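Participant: What follows is the file entry_12.txt, containing compact mmCIF, C-alpha atoms:
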```txt
# COMPACT_ATOMS: atom_id res chain seq x y z
CA MET A 1173 107.29 -27.42 -52.61
CA PHE A 1174 108.75 -30.89 -53.12
CA ASN A 1175 111.19 -33.17 -51.31
CA ALA A 1176 114.70 -33.79 -52.58
CA LEU A 1177 118.10 -34.93 -51.43
CA VAL A 1178 120.40 -31.91 -51.54
CA ILE A 1179 124.18 -31.99 -51.40
CA THR A 1180 125.93 -28.92 -50.04
CA LYS A 1181 129.55 -28.17 -49.28
CA PRO A 1182 129.69 -25.80 -46.33
CA GLU A 1183 132.97 -24.70 -44.81
CA SER A 1184 132.68 -27.49 -42.25
CA GLY A 1185 132.65 -30.24 -44.89
CA TYR A 1186 130.28 -32.13 -47.16
CA ARG A 1187 126.63 -32.75 -46.46
CA CYS A 1188 123.66 -34.56 -48.05
CA GLU A 1189 120.24 -34.05 -46.49
CA LEU A 1190 116.56 -34.49 -47.27
CA SER A 1191 115.17 -31.00 -47.87
CA ALA A 1192 112.02 -29.23 -49.00
CA ILE A 1193 112.58 -27.30 -52.24
CA ASP A 1194 110.47 -24.69 -53.97
CA GLU A 1195 109.73 -25.60 -57.59
CA ALA A 1196 111.00 -22.16 -58.57
CA GLN A 1197 114.48 -23.32 -57.54
CA LEU A 1198 114.64 -26.00 -60.25
CA PRO A 1199 117.40 -25.39 -62.82
CA ALA A 1200 116.55 -22.82 -65.47
CA ALA A 1201 118.69 -24.78 -67.96
CA GLY A 1202 115.89 -27.19 -68.83
CA ASP A 1203 112.78 -27.13 -70.98
CA VAL A 1204 110.88 -30.11 -69.54
CA THR A 1205 109.63 -30.51 -65.97
CA VAL A 1206 109.03 -34.06 -64.79
CA ARG A 1207 107.09 -35.30 -61.79
CA VAL A 1208 109.43 -38.09 -60.70
CA ALA A 1209 107.88 -41.37 -59.59
CA TRP A 1210 110.92 -43.56 -59.06
CA SER A 1211 114.69 -43.16 -58.95
CA THR A 1212 117.52 -45.47 -57.96
CA ILE A 1213 120.90 -45.65 -56.24
CA ASN A 1214 123.85 -46.57 -58.45
CA TYR A 1215 127.53 -46.80 -57.51
CA LYS A 1216 128.10 -43.28 -58.86
CA ASP A 1217 125.21 -42.00 -56.74
CA GLY A 1218 126.91 -43.57 -53.74
CA LEU A 1219 130.07 -41.64 -54.51
CA ALA A 1220 128.12 -38.41 -54.96
CA ILE A 1221 126.03 -38.72 -51.81
CA THR A 1222 128.92 -39.67 -49.55
CA GLY A 1223 131.53 -37.40 -51.16
CA LYS A 1224 133.96 -40.34 -51.41
CA SER A 1225 134.90 -39.19 -54.90
CA PRO A 1226 134.58 -35.74 -56.52
CA VAL A 1227 131.60 -36.74 -58.67
CA VAL A 1228 129.57 -33.59 -57.95
CA ARG A 1229 130.71 -30.62 -60.03
CA SER A 1230 128.70 -27.77 -58.46
CA PHE A 1231 126.74 -27.04 -55.29
CA PRO A 1232 124.02 -27.23 -54.15
CA MET A 1233 123.27 -30.42 -56.09
CA VAL A 1234 120.40 -32.89 -56.17
CA PRO A 1235 122.01 -36.31 -56.81
CA GLY A 1236 120.51 -39.16 -58.81
CA ILE A 1237 121.72 -40.09 -62.29
CA ASP A 1238 118.39 -41.84 -63.11
CA PHE A 1239 114.71 -41.13 -62.86
CA ALA A 1240 111.39 -42.14 -64.38
CA GLY A 1241 108.18 -40.19 -64.23
CA THR A 1242 105.59 -38.12 -66.06
CA VAL A 1243 106.00 -34.79 -67.87
CA SER A 1244 104.19 -32.03 -65.99
CA HIS A 1245 105.28 -29.14 -68.24
CA SER A 1246 107.14 -28.96 -71.54
CA ASP A 1247 108.55 -26.26 -73.79
CA HIS A 1248 110.18 -28.95 -75.95
CA PRO A 1249 108.49 -29.94 -79.23
CA ARG A 1250 108.96 -33.67 -78.62
CA TRP A 1251 107.26 -33.88 -75.23
CA LYS A 1252 103.82 -33.00 -73.86
CA THR A 1253 102.16 -33.07 -70.47
CA GLY A 1254 101.40 -36.65 -69.43
CA ASP A 1255 104.20 -38.33 -71.41
CA ARG A 1256 105.98 -41.10 -69.51
CA VAL A 1257 109.75 -40.61 -69.68
CA LEU A 1258 113.03 -41.80 -68.23
CA LEU A 1259 116.52 -40.36 -68.08
CA ASN A 1260 120.02 -41.76 -67.65
CA GLY A 1261 123.27 -39.82 -67.59
CA TYR A 1262 124.08 -36.54 -69.36
CA GLY A 1263 125.71 -35.30 -66.17
CA VAL A 1264 122.41 -35.29 -64.28
CA GLY A 1265 123.12 -35.68 -60.58
CA GLU A 1266 126.68 -34.44 -61.17
CA SER A 1267 126.55 -31.04 -62.88
CA HIS A 1268 122.75 -30.75 -63.29
CA TRP A 1269 120.12 -31.45 -60.64
CA GLY A 1270 119.13 -35.11 -60.72
CA GLY A 1271 116.46 -37.63 -59.94
CA LEU A 1272 116.55 -38.24 -56.17
CA ALA A 1273 113.71 -35.77 -55.82
CA GLN A 1274 109.99 -35.53 -56.47
CA MET A 1275 110.51 -33.05 -59.32
CA ALA A 1276 113.19 -32.56 -61.98
CA ARG A 1277 113.72 -30.05 -64.78
CA VAL A 1278 115.98 -31.20 -67.62
CA LYS A 1279 116.59 -30.75 -71.32
CA GLY A 1280 114.05 -32.59 -73.43
CA ASP A 1281 116.84 -33.85 -75.68
CA TRP A 1282 118.05 -36.00 -72.76
CA LEU A 1283 114.78 -37.86 -72.24
CA VAL A 1284 113.79 -41.28 -73.55
CA ALA A 1285 110.17 -42.34 -73.93
CA LEU A 1286 109.41 -45.05 -71.40
CA PRO A 1287 108.62 -48.26 -73.33
CA GLU A 1288 104.92 -49.10 -73.04
CA SER A 1289 105.57 -52.49 -71.46
CA LEU A 1290 107.67 -51.03 -68.61
CA SER A 1291 106.37 -49.36 -65.48
CA GLU A 1292 108.32 -46.48 -63.94
CA ARG A 1293 109.35 -48.78 -61.10
CA GLU A 1294 110.58 -51.49 -63.48
CA ALA A 1295 112.53 -48.90 -65.46
CA MET A 1296 114.37 -47.85 -62.33
CA ALA A 1297 114.86 -51.45 -61.24
CA ILE A 1298 116.80 -51.64 -64.50
CA GLY A 1299 118.24 -48.11 -64.23
CA THR A 1300 121.62 -47.00 -65.51
CA ALA A 1301 123.13 -50.26 -64.26
CA GLY A 1302 120.80 -52.41 -66.34
CA TYR A 1303 120.95 -50.06 -69.31
CA THR A 1304 124.75 -50.21 -69.15
CA ALA A 1305 124.60 -54.01 -68.96
CA MET A 1306 122.50 -54.03 -72.13
CA LEU A 1307 124.97 -51.72 -73.90
CA CYS A 1308 127.70 -54.25 -72.98
CA VAL A 1309 125.65 -57.21 -74.18
CA GLN A 1310 124.75 -55.49 -77.44
CA ALA A 1311 128.43 -54.67 -78.08
CA LEU A 1312 129.27 -58.36 -77.54
CA GLN A 1313 126.40 -59.41 -79.80
CA ARG A 1314 127.64 -57.18 -82.63
CA HIS A 1315 131.15 -58.56 -82.19
CA TRP A 1316 129.97 -62.17 -82.10
CA ALA A 1317 127.79 -61.66 -85.18
CA ASP A 1318 130.81 -60.47 -87.14
CA ALA A 1319 132.90 -63.39 -85.83
CA GLY A 1320 130.21 -66.03 -86.33
CA VAL A 1321 130.14 -66.92 -82.62
CA GLN A 1322 127.00 -68.78 -81.50
CA PRO A 1323 125.44 -68.91 -78.01
CA GLY A 1324 126.75 -71.87 -76.04
CA SER A 1325 130.05 -72.01 -77.91
CA GLY A 1326 132.04 -70.89 -74.88
CA GLU A 1327 131.95 -69.24 -71.48
CA VAL A 1328 131.13 -65.58 -70.92
CA LEU A 1329 132.60 -63.93 -67.82
CA VAL A 1330 130.69 -61.36 -65.78
CA THR A 1331 132.70 -59.60 -63.06
CA GLY A 1332 131.22 -57.67 -60.15
CA ALA A 1333 128.40 -60.16 -60.48
CA ASN A 1334 126.43 -59.14 -57.37
CA GLY A 1335 126.24 -55.52 -58.46
CA GLY A 1336 123.56 -53.95 -60.60
CA VAL A 1337 125.42 -54.22 -63.91
CA GLY A 1338 126.55 -57.75 -63.16
CA SER A 1339 123.16 -59.03 -62.05
CA VAL A 1340 121.36 -57.74 -65.13
CA ALA A 1341 124.17 -58.87 -67.46
CA ILE A 1342 123.93 -62.43 -66.12
CA SER A 1343 120.19 -62.51 -66.69
CA LEU A 1344 120.47 -61.06 -70.21
CA LEU A 1345 123.31 -63.34 -71.34
CA ALA A 1346 121.73 -66.46 -69.86
CA GLY A 1347 118.45 -65.55 -71.54
CA LEU A 1348 120.30 -65.44 -74.88
CA GLY A 1349 121.59 -68.97 -74.31
CA HIS A 1350 125.15 -68.20 -73.20
CA THR A 1351 127.10 -70.09 -70.54
CA VAL A 1352 127.77 -67.42 -67.90
CA VAL A 1353 130.51 -67.54 -65.27
CA ALA A 1354 129.95 -65.05 -62.45
CA SER A 1355 132.89 -63.57 -60.54
CA THR A 1356 132.12 -62.24 -57.07
CA GLY A 1357 133.68 -61.51 -53.71
CA ARG A 1358 130.58 -62.91 -52.00
CA LEU A 1359 130.57 -66.63 -52.67
CA GLN A 1360 127.73 -67.03 -50.17
CA GLU A 1361 125.57 -65.47 -52.90
CA ALA A 1362 126.32 -68.28 -55.37
CA ASP A 1363 122.78 -69.67 -55.27
CA TYR A 1364 121.36 -66.22 -55.95
CA LEU A 1365 123.66 -65.74 -58.95
CA LYS A 1366 122.76 -69.17 -60.30
CA SER A 1367 119.08 -68.28 -59.94
CA LEU A 1368 119.76 -65.39 -62.33
CA GLY A 1369 121.24 -67.78 -64.88
CA ALA A 1370 124.92 -68.16 -63.98
CA ALA A 1371 126.22 -71.64 -64.82
CA SER A 1372 129.05 -71.35 -62.30
CA VAL A 1373 130.53 -68.91 -59.81
CA ILE A 1374 134.20 -68.09 -59.12
CA ASP A 1375 135.86 -66.07 -56.38
CA ARG A 1376 136.99 -62.63 -57.50
CA SER A 1377 140.43 -63.40 -56.02
CA GLU A 1378 141.08 -65.56 -59.10
CA LEU A 1379 141.14 -62.39 -61.18
CA GLY A 1380 141.88 -59.59 -58.72
CA ALA A 1381 145.65 -59.98 -58.24
CA PRO A 1382 148.49 -59.25 -60.71
CA GLY A 1383 148.65 -61.97 -63.36
CA LYS A 1384 150.57 -63.04 -66.42
CA PRO A 1385 150.16 -60.89 -69.53
CA LEU A 1386 148.87 -63.89 -71.49
CA GLN A 1387 146.94 -66.68 -69.77
CA LYS A 1388 145.03 -69.83 -70.70
CA GLU A 1389 142.26 -69.02 -73.17
CA ARG A 1390 138.81 -69.30 -71.59
CA TRP A 1391 136.27 -66.55 -72.31
CA ILE A 1392 134.50 -65.81 -75.60
CA GLY A 1393 133.34 -62.55 -74.05
CA VAL A 1394 133.49 -60.51 -70.86
CA VAL A 1395 131.31 -57.92 -69.13
CA ASP A 1396 133.59 -56.14 -66.65
CA SER A 1397 132.51 -53.48 -64.15
CA VAL A 1398 135.61 -53.77 -61.96
CA GLY A 1399 138.65 -52.53 -63.89
CA SER A 1400 142.28 -52.71 -62.69
CA HIS A 1401 143.85 -56.18 -62.37
CA THR A 1402 140.49 -57.88 -62.87
CA LEU A 1403 140.07 -56.33 -66.30
CA ALA A 1404 143.72 -57.03 -67.19
CA ASN A 1405 143.35 -60.72 -66.27
CA ALA A 1406 140.04 -60.96 -68.12
CA CYS A 1407 141.72 -59.68 -71.27
CA ALA A 1408 144.68 -62.02 -70.78
CA SER A 1409 142.39 -65.08 -70.56
CA THR A 1410 139.98 -64.23 -73.38
CA ARG A 1411 139.96 -66.63 -76.31
CA TYR A 1412 141.30 -65.79 -79.74
CA GLY A 1413 139.08 -63.23 -81.44
CA GLY A 1414 137.00 -62.70 -78.30
CA ALA A 1415 135.74 -59.44 -76.88
CA VAL A 1416 135.81 -57.67 -73.52
CA THR A 1417 133.47 -54.83 -72.53
CA ALA A 1418 134.67 -52.43 -69.83
CA CYS A 1419 132.12 -50.25 -68.04
CA GLY A 1420 133.28 -49.77 -64.44
CA LEU A 1421 136.09 -49.20 -61.97
CA ALA A 1422 135.07 -50.80 -58.68
CA GLN A 1423 138.61 -52.13 -58.19
CA GLY A 1424 140.37 -49.14 -59.71
CA MET A 1425 140.85 -46.87 -62.72
CA ASP A 1426 144.19 -48.37 -63.66
CA LEU A 1427 144.70 -51.06 -66.30
CA PRO A 1428 147.96 -52.93 -65.54
CA ALA A 1429 147.89 -54.96 -68.74
CA SER A 1430 150.07 -55.64 -71.78
CA VAL A 1431 149.31 -55.51 -75.48
CA ALA A 1432 149.79 -59.30 -75.77
CA PRO A 1433 146.08 -60.31 -75.80
CA PHE A 1434 145.32 -57.72 -78.45
CA ILE A 1435 148.17 -58.37 -80.88
CA LEU A 1436 148.62 -62.12 -80.36
CA ARG A 1437 145.01 -63.23 -79.94
CA GLY A 1438 143.10 -60.46 -81.66
CA VAL A 1439 141.12 -59.68 -78.50
CA THR A 1440 138.95 -56.56 -78.74
CA LEU A 1441 138.39 -54.26 -75.76
CA TYR A 1442 135.19 -52.20 -75.98
CA GLY A 1443 134.77 -49.17 -73.75
CA ILE A 1444 131.11 -48.77 -72.75
CA ASP A 1445 129.95 -45.24 -71.91
CA SER A 1446 126.38 -44.90 -70.69
CA VAL A 1447 126.50 -41.19 -69.84
CA MET A 1448 126.80 -39.65 -73.32
CA ALA A 1449 125.77 -42.60 -75.49
CA PRO A 1450 123.97 -41.37 -78.65
CA MET A 1451 120.17 -41.34 -78.50
CA PRO A 1452 119.57 -44.09 -81.11
CA ARG A 1453 121.73 -46.49 -79.09
CA ARG A 1454 119.90 -45.52 -75.87
CA VAL A 1455 116.48 -46.11 -77.41
CA ALA A 1456 117.59 -49.45 -78.88
CA ALA A 1457 118.95 -50.57 -75.49
CA TRP A 1458 115.75 -49.66 -73.64
CA GLU A 1459 113.54 -51.31 -76.24
CA ALA A 1460 115.64 -54.46 -76.02
CA LEU A 1461 115.43 -54.42 -72.22
CA ALA A 1462 111.66 -54.03 -72.34
CA ASN A 1463 111.33 -56.92 -74.79
CA THR A 1464 113.85 -59.42 -73.41
CA LEU A 1465 114.59 -58.94 -69.72
CA ASP A 1466 112.95 -61.58 -67.53
CA ARG A 1467 110.62 -59.70 -65.16
CA GLN A 1468 110.79 -62.40 -62.48
CA ARG A 1469 114.58 -62.22 -62.46
CA LEU A 1470 114.38 -58.42 -62.38
CA ALA A 1471 112.11 -58.61 -59.34
CA ALA A 1472 114.55 -61.02 -57.67
CA ILE A 1473 117.42 -58.53 -57.88
CA THR A 1474 115.40 -55.49 -56.76
CA LYS A 1475 114.96 -53.95 -53.33
CA GLU A 1476 112.76 -50.92 -52.67
CA ILE A 1477 113.59 -48.04 -50.34
CA GLY A 1478 112.21 -44.56 -49.67
CA LEU A 1479 113.89 -41.26 -50.41
CA LYS A 1480 114.61 -40.82 -46.70
CA ASP A 1481 116.66 -44.05 -46.77
CA ALA A 1482 118.84 -43.11 -49.72
CA VAL A 1483 121.72 -41.56 -47.76
CA GLY A 1484 122.29 -44.71 -45.72
CA ALA A 1485 121.92 -46.87 -48.82
CA ALA A 1486 124.69 -44.90 -50.54
CA SER A 1487 127.20 -46.01 -47.91
CA ASP A 1488 125.97 -49.59 -48.17
CA ILE A 1489 126.45 -49.75 -51.93
CA LEU A 1490 130.02 -48.45 -51.67
CA ALA A 1491 130.78 -51.00 -48.95
CA GLY A 1492 129.56 -53.85 -51.16
CA ARG A 1493 126.63 -54.64 -48.86
CA VAL A 1494 124.02 -54.33 -51.63
CA ARG A 1495 123.23 -57.01 -54.18
CA GLY A 1496 121.33 -56.26 -57.36
CA ARG A 1497 119.34 -53.05 -57.67
CA LEU A 1498 117.96 -50.46 -55.26
CA VAL A 1499 114.88 -48.59 -56.43
CA VAL A 1500 113.88 -45.40 -54.64
CA ASP A 1501 110.25 -44.40 -54.17
CA VAL A 1502 110.76 -40.64 -54.07
CA ASN A 1503 107.28 -40.18 -52.58
CA ALA A 1504 107.97 -42.40 -49.58
```
Spit out the file's structure as structure tokens when you get a sec.
Facilitator:
Amino acid sequence: MFNALVITKPESGYRCELSAIDEAQLPAAGDVTVRVAWSTINYKDGLAITGKSPVVRSFPMVPGIDFAGTVSHSDHPRWKTGDRVLLNGYGVGESHWGGLAQMARVKGDWLVALPESLSEREAMAIGTAGYTAMLCVQALQRHWADAGVQPGSGEVLVTGANGGVGSVAISLLAGLGHTVVASTGRLQEADYLKSLGAASVIDRSELGAPGKPLQKERWIGVVDSVGSHTLANACASTRYGGAVTACGLAQGMDLPASVAPFILRGVTLYGIDSVMAPMPRRVAAWEALANTLDRQRLAAITKEIGLKDAVGAASDILAGRVRGRLVVDVNA
């Protein structure tokens, strides 16, 4: 038996509870069993646990789009007992039982070897949010390399700065020598954001309302996890030949923009998908995170909770009461 969060949908509504599960109940559609050490709570997990959005595709469901742990059994040729692994995405926690549990059974093709220099806890402090931030940064780096853009040649905007993606993106970009401007709805957190490497902080209201289709050029690049008007305004104020990466929808799924930034300034909009990203890109992102992410800054953005606390934390993350990353000790 092992402990897990389990989402059910009885006739009376929607429920997520800590339950004891028999290992025999783990999904048959998996060839590797992992003893989970650490998981995390992301925005999507918050939606799944609370039922605020139809993220979960089947019931019962164990949520948790991330986990890190050790292989306890494998029928997959790539993995053996004792291997340290991590997983992000692939519908885990949505259509396949996920990582907010002490055990998980998944397809070996979904797993990434945990870099030697990362602990399981550090990997989940990074989690899908940090991995997504690195995918954004790497897309900007490829774009800048082609355009001959050097660090320090202009400002880079990070929206949703207090969230997991934003916090890690600030640290990564600042570590590369870029001038980072953090956009947040919590200006009282300005000192915290500057401690991560932000050069300045702006109120999200500057970007969150309807704006002109073409605005004063400012950003050489953008990491946006907000969407809607914020993303539209970010595109409208990006400099000629600049790039915007879009990876979230905290403000909304809509994009009330015009084609003007793209056809008049040559702005490029990159969509960043972390769920089904190809394995070589995943491995490259995790290796880069292991080699470049400042561990002290990572510790500064991380808060630890137990599995029993995860339901309450899900509501907090949706309400914007969480800064940085929440790691979940599934054995506590």
Participant: Produce a table with one row for each residue of segment 1254-1330 of chain A that has an atom at most 12 Å from any atom of segment 1231-1245 of chain A, each row naming the nearest atom pair and its distance in Å at one decimal; use all atoms listed in the file; arrange rows by chain and rising residue number; format as a tab-separated table.
Facilitator:
```
residue	atom	partner	partner_atom	distance
A:Gly1254	CA	A:Val1243	CA	5.2
A:Asp1255	CA	A:Val1243	CA	5.3
A:Arg1256	CA	A:Thr1242	CA	4.6
A:Val1257	CA	A:Gly1241	CA	5.7
A:Leu1258	CA	A:Ala1240	CA	4.2
A:Leu1259	CA	A:Asp1238	CA	5.5
A:Asn1260	CA	A:Asp1238	CA	4.8
A:Gly1261	CA	A:Ile1237	CA	5.5
A:Tyr1262	CA	A:Ile1237	CA	8.3
A:Gly1263	CA	A:Ile1237	CA	7.3
A:Val1264	CA	A:Ile1237	CA	5.2
A:Gly1265	CA	A:Pro1235	CA	4.0
A:Glu1266	CA	A:Pro1235	CA	6.7
A:Ser1267	CA	A:Met1233	CA	7.6
A:His1268	CA	A:Met1233	CA	7.2
A:Trp1269	CA	A:Val1234	CA	4.7
A:Gly1270	CA	A:Gly1236	CA	4.7
A:Gly1271	CA	A:Gly1236	CA	4.5
A:Leu1272	CA	A:Gly1236	CA	4.8
A:Ala1273	CA	A:Val1234	CA	7.3
A:Gln1274	CA	A:Gly1241	CA	9.2
A:Met1275	CA	A:Gly1241	CA	9.0
A:Ala1276	CA	A:Phe1239	CA	8.7
A:Arg1277	CA	A:His1245	CA	9.2
A:Val1278	CA	A:Val1243	CA	10.6
A:Lys1279	CA	A:His1245	CA	11.8
A:Gly1280	CA	A:Val1243	CA	10.0
A:Trp1282	CA	A:Asp1238	CA	11.3
A:Leu1283	CA	A:Ala1240	CA	9.6
A:Val1284	CA	A:Ala1240	CA	9.5
A:Ala1285	CA	A:Ala1240	CA	9.6
A:Leu1286	CA	A:Ala1240	CA	7.9
A:Pro1287	CA	A:Ala1240	CA	11.2
A:Leu1290	CA	A:Ala1240	CA	10.5
A:Ser1291	CA	A:Ala1240	CA	8.9
A:Glu1292	CA	A:Ala1240	CA	5.3
A:Arg1293	CA	A:Ala1240	CA	7.7
A:Glu1294	CA	A:Ala1240	CA	9.4
A:Ala1295	CA	A:Ala1240	CA	6.9
A:Met1296	CA	A:Phe1239	CA	6.7
A:Ala1297	CA	A:Asp1238	CA	10.4
A:Ile1298	CA	A:Asp1238	CA	10.0
A:Gly1299	CA	A:Asp1238	CA	6.4
A:Thr1300	CA	A:Asp1238	CA	6.5
A:Ala1301	CA	A:Asp1238	CA	9.7
A:Gly1302	CA	A:Asp1238	CA	11.3
A:Tyr1303	CA	A:Asp1238	CA	10.6
```
Participant: Please check which residues have atoms at most 7 Å from (145.3, -58.1, -64.3) in the file's coordinates, counting only C-alpha atoms, and write them as a list of chain:residue names.
Facilitator: A:Leu1379, A:Gly1380, A:Ala1381, A:Pro1382, A:Gly1383, A:Ser1400, A:His1401, A:Thr1402, A:Leu1403, A:Ala1404, A:Asn1405, A:Pro1428, A:Ala1429
Participant: Within 6 Å of segment 1396-1399 of chain A, counting only C-alpha atoms, which residues qualify if same-chain residues fewer than 4 places away don't, as a VMD selection string?
Facilitator: chain A and resid 1331 to 1332 1403 1418 to 1424
Participant: Quick one: of A:Arg1493, A:Arg1454, A:Lys1181, A:Lys1388, who's nearest to Gly1223 of chain A, counting only C-alpha atoms?
Facilitator: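 For Gly1223 of chain A, the nearest of the given residues is A:Lys1181.
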Participant: Just want the 8 Å neighbourhood of segment 1357-1360 of chain A, counted on all atoms listed in the file, with same-chain residues fewer than 6 positions away dropped. Output as a VMD selection string.
Facilitator: chain A and resid 1332 1334 1373 to 1377
Participant: What is the atom CA of Thr1440 of chain A to atom CA of Gly1414 of chain A distance in Å?
Facilitator: 6.5 Å
Participant: Quick check, in Å to one decimal: how far apart do atom CA of Ser1409 of chain A and atom CA of Ala1370 of chain A lie?
Facilitator: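 Computed distance, atom CA of Ser1409 of chain A to atom CA of Ala1370 of chain A, equals 18.9 Å.
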Participant: For Gly1326 of chain A, work out the shell of residues within 7 Å, counting all atoms listed in the file and skipping chain neighbours fewer than 4 positions away, then give it as a ChimeraX atom specification.
Facilitator: /A:1351,1391-1392
Participant: Which of these residues is nearest to Thr1212 of chain A, using all atoms listed in the file: A:Ala1406, A:Leu1198, A:Asp1501, A:Ala1319?
Facilitator: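 Residue with the minimum atom-to-atom distance to Thr1212 of chain A: A:Asp1501.
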Participant: Which one of A:Asp1281, A:Glu1476, A:Tyr1364, A:Leu1312 sits closest to Leu1441 of chain A if you count only C-alpha atoms?
Facilitator: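 For Leu1441 of chain A, the nearest of the candidates is A:Leu1312.
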Participant: Which of these, A:Val1206, A:Val1500, A:Val1394, A:Ala1432, has the shortest distance to Leu1177 of chain A once you count all atoms listed in the file?
Facilitator: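 Of A:Val1206, A:Val1500, A:Val1394, A:Ala1432, the one nearest Leu1177 of chain A is A:Val1500, counting all atoms listed in the file.
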Participant: Please determine, counting all atoms listed in the file, which residue among A:Glu1459, A:Asp1203, A:Asp1481, A:Glu1183 has the shortest atom-to-atom distance to Val1499 of chain A.
Facilitator: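 For Val1499 of chain A, the nearest of the given residues is A:Asp1481.
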Participant: Measuring atom to atom with only C-alpha atoms, identify which of A:Ile1179, A:Leu1345, A:Asn1503, A:Val1309 is nearest to Ser1230 of chain A.
Facilitator: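 So, comparing all the options, the nearest one is A:Ile1179.
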Participant: Around all of segment 1225-1240 of chain A's listed atoms, make the axis-aligned box with 5 Å on each side and tell me centre and edge lengths in Å to one decimal, as JSON.
Facilitator:
```
{"center_x": 123.1, "center_y": -34.6, "center_z": -59.3, "size_x": 33.5, "size_y": 25.1, "size_z": 20.2}
```
Participant: How many Å lie between atom CA of Ile1435 of chain A and atom CA of Leu1386 of chain A, rounded to one decimal?
Facilitator: 10.9 Å
Participant: Excluding Glu1389 of chain A and residues on its chain fewer than 3 positions from it, collect all residues at most 8 Å away from it, counting all atoms listed in the file, and give them as a short mmCIF file (atom, residue, chain, number, x, y, z; two decimals) with C-alpha atoms, in the coordinates of the input.
Facilitator:
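Generated file (selection.cif):
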```cif
data_model
loop_
_atom_site.label_atom_id
_atom_site.label_comp_id
_atom_site.auth_asym_id
_atom_site.auth_seq_id
_atom_site.Cartn_x
_atom_site.Cartn_y
_atom_site.Cartn_z
CA ALA A 1408 144.68 -62.02 -70.78
CA SER A 1409 142.39 -65.08 -70.56
CA THR A 1410 139.98 -64.23 -73.38
CA ARG A 1411 139.96 -66.63 -76.31
CA TYR A 1412 141.30 -65.79 -79.74
#
```
